[in-house]
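Raw structure.txt, compact mmCIF, C-alpha atoms:
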# COMPACT_ATOMS: atom_id res chain seq x y z
CA MET G 23 -65.28 58.58 -33.61
CA GLY G 24 -61.86 58.03 -35.16
CA LEU G 25 -60.57 55.84 -37.95
CA CYS G 26 -58.30 53.08 -36.80
CA GLN G 27 -55.44 51.26 -38.40
CA TYR G 28 -54.71 47.57 -38.03
CA TYR G 29 -51.09 46.51 -37.71
CA LEU G 30 -49.68 43.07 -37.09
CA LEU G 31 -46.51 43.75 -35.14
CA SER G 32 -45.49 40.24 -34.21
CA VAL G 33 -46.61 36.69 -34.72
CA VAL G 34 -45.71 34.16 -32.06
CA MET G 35 -47.59 30.89 -31.71
CA LEU G 36 -48.86 30.36 -28.19
CA LEU G 37 -50.05 27.24 -26.48
CA PRO G 38 -53.61 27.50 -25.15
CA ALA G 39 -53.74 28.84 -21.61
CA LEU G 40 -56.29 26.18 -20.68
CA CYS G 41 -56.29 22.43 -21.21
CA TYR G 42 -59.60 22.52 -23.05
CA SER G 43 -59.33 21.76 -26.77
CA GLN G 44 -60.58 24.40 -29.16
CA TYR G 45 -61.49 21.73 -31.72
CA THR G 46 -63.35 19.02 -29.78
CA PHE G 47 -66.22 19.04 -27.34
CA THR G 48 -65.48 18.84 -23.63
CA SER G 49 -67.91 17.32 -21.12
CA SER G 50 -69.12 19.56 -18.31
CA ARG G 51 -72.25 20.82 -16.56
CA ALA G 52 -74.33 23.98 -16.87
CA THR G 53 -77.05 25.76 -14.96
CA TYR G 54 -78.79 29.15 -15.28
CA TYR G 55 -79.16 32.22 -13.10
CA GLY G 56 -82.30 33.95 -11.98
CA SER G 57 -83.38 36.74 -14.32
CA PRO G 58 -87.08 37.58 -14.71
CA ASP G 59 -86.64 38.80 -18.29
CA GLY G 60 -84.23 36.02 -19.32
CA LEU G 61 -81.51 38.47 -20.38
CA GLY G 62 -77.95 38.98 -19.19
CA THR G 63 -76.91 41.11 -16.24
CA PRO G 64 -75.55 44.69 -16.52
CA THR G 65 -73.38 44.11 -13.43
CA GLY G 66 -71.33 41.20 -14.76
CA ALA G 67 -67.74 40.73 -13.60
CA CYS G 68 -66.39 41.47 -17.09
CA GLY G 69 -67.42 45.12 -16.74
CA PHE G 70 -69.40 45.19 -20.00
CA GLY G 71 -72.43 46.92 -18.48
CA GLY G 72 -75.50 47.03 -20.70
CA TYR G 73 -73.59 45.34 -23.52
CA GLY G 74 -73.34 42.23 -21.37
CA ARG G 75 -77.09 42.25 -20.92
CA THR G 76 -78.18 42.13 -24.56
CA VAL G 77 -75.20 41.13 -26.75
CA ASN G 78 -75.75 38.03 -28.91
CA ASP G 79 -79.52 38.32 -28.37
CA ALA G 80 -78.85 37.84 -24.63
CA ASN G 81 -77.34 34.39 -25.16
CA VAL G 82 -74.63 35.00 -22.56
CA ALA G 83 -72.95 33.13 -19.74
CA GLY G 84 -70.83 33.35 -16.65
CA VAL G 85 -67.90 30.94 -16.49
CA SER G 86 -65.55 29.66 -13.81
CA ARG G 87 -62.60 27.58 -15.03
CA LEU G 88 -62.73 29.35 -18.40
CA TRP G 89 -62.51 32.78 -16.74
CA ASN G 90 -58.69 32.92 -16.91
CA ASN G 91 -58.32 36.11 -14.84
CA GLY G 92 -60.72 38.00 -17.11
CA THR G 93 -59.09 36.99 -20.41
CA GLY G 94 -62.12 34.77 -21.02
CA CYS G 95 -64.41 37.82 -21.17
CA GLY G 96 -66.00 38.17 -24.59
CA THR G 97 -65.09 34.66 -25.77
CA CYS G 98 -67.72 32.46 -27.43
CA TYR G 99 -68.69 28.83 -26.88
CA GLN G 100 -71.14 26.37 -28.32
CA VAL G 101 -72.87 24.62 -25.43
CA ARG G 102 -75.22 21.66 -25.92
CA CYS G 103 -76.93 19.58 -23.28
CA THR G 104 -76.76 15.80 -23.47
CA VAL G 105 -80.31 14.71 -22.65
CA PRO G 106 -81.53 13.53 -26.09
CA GLU G 107 -85.24 13.55 -25.28
CA VAL G 108 -85.03 17.24 -24.25
CA CYS G 109 -82.04 18.81 -26.02
CA THR G 110 -81.16 19.73 -29.60
CA ASP G 111 -77.99 18.51 -31.29
CA TYR G 112 -76.63 22.04 -31.72
CA GLY G 113 -77.44 23.70 -28.41
CA VAL G 114 -76.66 27.41 -28.18
CA SER G 115 -73.73 29.75 -28.91
CA VAL G 116 -72.99 32.04 -25.96
CA VAL G 117 -70.75 35.04 -25.22
CA VAL G 118 -68.93 35.12 -21.87
CA THR G 119 -69.89 38.27 -19.96
CA ASP G 120 -69.56 37.26 -16.31
CA TYR G 121 -67.87 35.06 -13.72
CA GLY G 122 -69.91 32.39 -12.00
CA GLU G 123 -69.43 29.06 -10.30
CA GLY G 124 -71.50 26.49 -8.45
CA ASP G 125 -72.44 22.80 -8.39
CA ASP G 126 -69.37 21.80 -10.42
CA THR G 127 -70.51 23.73 -13.51
CA ASP G 128 -68.40 25.47 -16.14
CA PHE G 129 -71.31 27.60 -17.37
CA ILE G 130 -74.02 29.63 -15.69
CA LEU G 131 -76.20 30.62 -18.63
CA SER G 132 -78.76 33.35 -18.99
CA PRO G 133 -82.25 31.83 -18.79
CA ARG G 134 -82.72 32.60 -22.49
CA ALA G 135 -79.54 30.77 -23.47
CA TYR G 136 -80.33 27.79 -21.23
CA GLY G 137 -83.82 27.41 -22.70
CA ARG G 138 -82.49 27.58 -26.26
CA MET G 139 -80.63 24.31 -25.76
CA ALA G 140 -84.01 22.58 -25.65
CA ILE G 141 -86.13 21.00 -28.36
CA THR G 142 -89.24 23.01 -29.23
CA ASP G 143 -91.81 22.78 -26.41
CA LYS G 144 -89.27 21.11 -24.09
CA SER G 145 -87.73 24.21 -22.51
CA GLU G 146 -89.82 23.98 -19.32
CA LYS G 147 -88.68 20.39 -18.89
CA LEU G 148 -85.08 21.50 -19.31
CA TYR G 149 -85.52 24.33 -16.77
CA SER G 150 -86.82 21.76 -14.28
CA TYR G 151 -83.46 20.00 -14.31
CA GLY G 152 -81.76 23.06 -12.82
CA VAL G 153 -78.33 21.65 -13.63
CA VAL G 154 -77.70 19.59 -16.77
CA ASP G 155 -74.80 17.70 -18.30
CA VAL G 156 -73.40 19.49 -21.36
CA GLU G 157 -70.66 19.42 -23.95
CA PHE G 158 -68.92 22.59 -25.09
CA GLU G 159 -66.29 23.87 -27.49
CA ARG G 160 -64.71 27.24 -28.23
CA VAL G 161 -66.11 28.85 -31.38
CA SER G 162 -65.47 32.07 -33.27
CA CYS G 163 -67.47 35.10 -32.20
CA ARG G 164 -69.53 36.60 -35.03
CA PHE G 165 -70.95 40.10 -34.59
CA ARG G 166 -72.54 40.87 -37.94
CA GLY G 167 -72.61 44.59 -38.67
CA TYR G 168 -70.31 45.56 -35.78
CA ASN G 169 -66.70 46.67 -35.68
CA VAL G 170 -64.64 46.67 -32.49
CA MET G 171 -65.82 49.39 -30.11
CA PHE G 172 -63.93 51.03 -27.26
CA LYS G 173 -66.21 51.46 -24.25
CA VAL G 174 -65.24 54.09 -21.67
CA HIS G 175 -66.28 52.55 -18.37
CA GLU G 176 -68.81 54.37 -16.22
CA ASN G 177 -66.26 54.76 -13.40
CA SER G 178 -64.00 56.89 -15.62
CA ARG G 179 -63.54 60.55 -14.62
CA TYR G 180 -62.57 63.00 -17.33
CA PRO G 181 -59.74 63.90 -17.54
CA GLN G 182 -58.11 62.33 -14.45
CA TYR G 183 -58.91 58.62 -14.87
CA LEU G 184 -59.67 56.46 -17.89
CA ALA G 185 -60.97 52.89 -17.86
CA VAL G 186 -61.81 51.15 -21.12
CA SER G 187 -62.90 47.78 -22.50
CA MET G 188 -63.20 46.40 -26.03
CA LEU G 189 -66.58 45.23 -27.33
CA TYR G 190 -67.41 43.10 -30.39
CA VAL G 191 -64.04 41.36 -30.54
CA GLY G 192 -64.70 38.78 -33.24
CA GLY G 193 -63.08 35.44 -34.00
CA GLN G 194 -61.28 33.37 -31.38
CA ASN G 195 -59.19 36.24 -30.04
CA ASP G 196 -58.27 36.75 -26.38
CA VAL G 197 -57.36 40.32 -25.35
CA LEU G 198 -54.21 39.94 -23.24
CA ALA G 199 -53.01 43.53 -22.78
CA VAL G 200 -53.79 47.15 -23.65
CA GLU G 201 -51.33 50.03 -24.03
CA ILE G 202 -51.81 53.77 -24.48
CA TRP G 203 -49.56 56.07 -26.51
CA ARG G 204 -47.81 58.79 -24.49
CA LYS G 205 -46.76 61.43 -27.00
CA ASP G 206 -44.76 63.28 -24.35
CA ARG G 207 -42.65 60.16 -23.74
CA HIS G 208 -42.72 58.83 -27.31
CA GLU G 209 -43.62 55.38 -26.02
CA TRP G 210 -46.44 52.95 -25.40
CA VAL G 211 -47.41 52.64 -21.74
CA ALA G 212 -49.17 49.59 -20.32
CA MET G 213 -52.65 49.98 -18.89
CA ARG G 214 -53.61 47.88 -15.86
CA ARG G 215 -56.23 45.15 -16.11
CA ALA G 216 -58.49 46.58 -13.42
CA PHE G 217 -60.99 43.70 -13.51
CA GLY G 218 -62.59 41.46 -16.10
CA ALA G 219 -62.19 43.06 -19.53
CA VAL G 220 -61.59 46.59 -18.15
CA PHE G 221 -58.14 48.23 -18.44
CA ASP G 222 -57.39 51.54 -16.74
CA ILE G 223 -54.80 54.27 -16.25
CA PRO G 224 -54.64 57.40 -14.08
CA ASN G 225 -53.92 60.74 -15.72
CA PRO G 226 -54.29 59.65 -19.36
CA PRO G 227 -52.54 61.85 -21.94
CA PRO G 228 -54.47 64.86 -23.26
CA GLY G 229 -55.90 64.87 -26.75
CA ALA G 230 -57.28 62.01 -28.78
CA ILE G 231 -56.39 58.63 -27.30
CA ASN G 232 -54.32 56.15 -29.32
CA LEU G 233 -54.51 52.58 -28.08
CA ARG G 234 -53.05 49.26 -29.04
CA PHE G 235 -54.17 45.90 -27.72
CA GLN G 236 -52.54 42.51 -27.78
CA VAL G 237 -54.60 39.51 -28.85
CA SER G 238 -53.93 35.81 -28.94
CA GLY G 239 -55.81 34.06 -31.72
CA SER G 240 -55.55 31.97 -34.86
CA ALA G 241 -52.77 34.26 -36.15
CA GLY G 242 -50.75 33.76 -32.97
CA LEU G 243 -49.79 36.71 -30.77
CA THR G 244 -50.47 40.08 -32.41
CA TRP G 245 -50.75 43.77 -31.58
CA VAL G 246 -53.62 45.78 -33.05
CA VAL G 247 -53.16 49.56 -33.21
CA ALA G 248 -56.15 51.91 -32.97
CA ASN G 249 -55.26 55.53 -33.67
CA ASN G 250 -57.78 58.06 -32.34
CA ALA G 251 -59.65 55.22 -30.68
CA ILE G 252 -61.18 57.63 -28.18
CA PRO G 253 -61.79 61.33 -28.92
CA LYS G 254 -60.08 64.22 -27.17
CA ILE G 255 -63.14 65.00 -25.06
CA TRP G 256 -64.44 61.59 -24.03
CA LYS G 257 -67.36 60.73 -21.81
CA ALA G 258 -67.85 57.96 -19.28
CA GLY G 259 -70.30 55.30 -20.39
CA VAL G 260 -69.90 55.98 -24.13
CA ALA G 261 -68.69 53.35 -26.62
CA TYR G 262 -66.70 54.66 -29.59
CA GLU G 263 -66.73 52.70 -32.86
CA SER G 264 -63.57 51.86 -34.77
CA ALA G 265 -62.84 50.58 -38.25
CA ILE G 266 -61.31 47.37 -36.86
CA GLN G 267 -62.79 43.95 -37.42
CA LEU G 268 -61.21 40.81 -36.00
CA GLU G 269 -61.90 37.35 -37.39
What is this structure when it is put down as structure tokens?
Amino acid sequence: MGLCQYYLLSVVMLLPALCYSQYTFTSSRATYYGSPDGLGTPTGACGFGGYGRTVNDANVAGVSRLWNNGTGCGTCYQVRCTVPEVCTDYGVSVVVTDYGEGDDTDFILSPRAYGRMAITDKSEKLYSYGVVDVEFERVSCRFRGYNVMFKVHENSRYPQYLAVSMLYVGGQNDVLAVEIWRKDRHEWVAMRRAFGAVFDIPNPPPGAINLRFQVSGSAGLTWVVANNAIPKIWKAGVAYESAIQLE
């Protein structure tokens, strides 16, 4: 576990990649997927594994138009259904952990998240709808007690192949790119977005891994540097904590 440093290397204001406003609710539809325990799935398209199953108390969702080639992974939305006799005014705050589409919906919620849009004792009625009209807006992710973690994906093979994703990315920050420091070349080298939120590289440099990742958020376009983000001898499936917090 290494200490990380936070650097803002550039600030460039970007237009939103999608036409959805971050400040007003957008009308859409939502449904839920089959899960006997009501939790998320460990096989989601974002590549989060078990994190995608339980993060945010399992209030998670798959998205379609908000997917944005995997950049939407880890983003947070407030989703509220619009049936006043069944639904609360607030709805539920969800974390995107998967891709999913069907029946003209923007959200496929975990059963737990879908039920939490309902008024007390009305969840079964809401489930019976199957698909429901909703409103949604982008909100800041809040992970109380957690810093950003670097998860070495289970498909990684020490030392020949490294795949990594970032967990607990707070605020309204989209991870656009990840680079790894090559000491032998004295330069940052781009990692490939393999799928979802997972970035990979063959033959990573030996020693402790220094990473930097580019985010688009309220501060514009910034690079965040994480020195010793991953230890010299890393293991597949392990998440390494940093000292970075994003808001």
Inset, instruction - For segment 177-194 of chain G, work out the shell of residues within 7 Å, counting only C-alpha atoms and skipping chain neighbours fewer than 5 positions away, then give it as an MDAnalysis selection string. - result: chainID G and resid 97 161:165 168:172 219:226 239:240 257:258 267:269
Legend entry - From G:Arg51, G:Arg214, G:Arg75, G:Arg204, residue lying nearest Pro133 of chain G [all atoms listed in the file]: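 Answer, going by the shortest atom-to-atom distance: G:Arg75.
Note that atom CA of Asn90 of chain G and atom CA of Cys68 of chain G are 11.5 Å apart.
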Legend entry - atom CA of Ala212 of chain G to atom CA of Val77 of chain G, distance in Å rounded to a single decimal: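 Separating atom CA of Ala212 of chain G from atom CA of Val77 of chain G is a distance of 28.1 Å.
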What's the 9 Å shell around Ile231 of chain G, counting only C-alpha atoms, without same-chain residues fewer than 5 positions away, as an mmCIF file with C-alpha atoms, in the coordinates of the input?
data_model
loop_
_atom_site.group_PDB
_atom_site.id
_atom_site.type_symbol
_atom_site.label_atom_id
_atom_site.label_comp_id
_atom_site.auth_asym_id
_atom_site.auth_seq_id
_atom_site.Cartn_x
_atom_site.Cartn_y
_atom_site.Cartn_z
ATOM 1 C CA ILE G 202 -51.810 53.770 -24.480
ATOM 2 C CA TRP G 203 -49.560 56.070 -26.510
ATOM 3 C CA PRO G 226 -54.290 59.650 -19.360
ATOM 4 C CA ALA G 248 -56.150 51.910 -32.970
ATOM 5 C CA ASN G 249 -55.260 55.530 -33.670
ATOM 6 C CA ASN G 250 -57.780 58.060 -32.340
ATOM 7 C CA ALA G 251 -59.650 55.220 -30.680
ATOM 8 C CA ILE G 252 -61.180 57.630 -28.180
ATOM 9 C CA PRO G 253 -61.790 61.330 -28.920
ATOM 10 C CA LYS G 254 -60.080 64.220 -27.170
#
Inset, instruction - Determine, counting all atoms listed in the file, which protein, DNA and RNA residues have an atom within 12 Å of an atom of segment 62-66 of chain G; residues of the same chain fewer than 6 positions away are not included. Present the result as number ranges by chain. - result: G: 54-56, 72-85, 92, 95-96, 116-122, 130-136, 176, 217-220
Legend entry - Separation of atom CA of Phe158 of chain G from atom CA of Val114 of chain G in Å: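 So the answer is 9.6 Å.
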Legend entry - Selected residue of minimal separation from Val154 of chain G among G:Leu233, G:Met139, G:Ala216, G:Ala52, counting all atoms listed in the file: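 Selected residue with least distance to Val154 of chain G: G:Ala52.
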Legend entry - Top pick for closest residue to Gln100 of chain G, considering G:Thr48, G:Ser57, G:Ser145, G:Ser86 and counting all atoms listed in the file: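 Looking at the shortest contact to Gln100 of chain G, the residue is G:Thr48.
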Legend entry - Who sits within 6 Å of Gly113 of chain G, all atoms listed in the file, same chain under 2 positions skipped, as a PyMOL selection string: chain G and resi 101-102+110-111+139
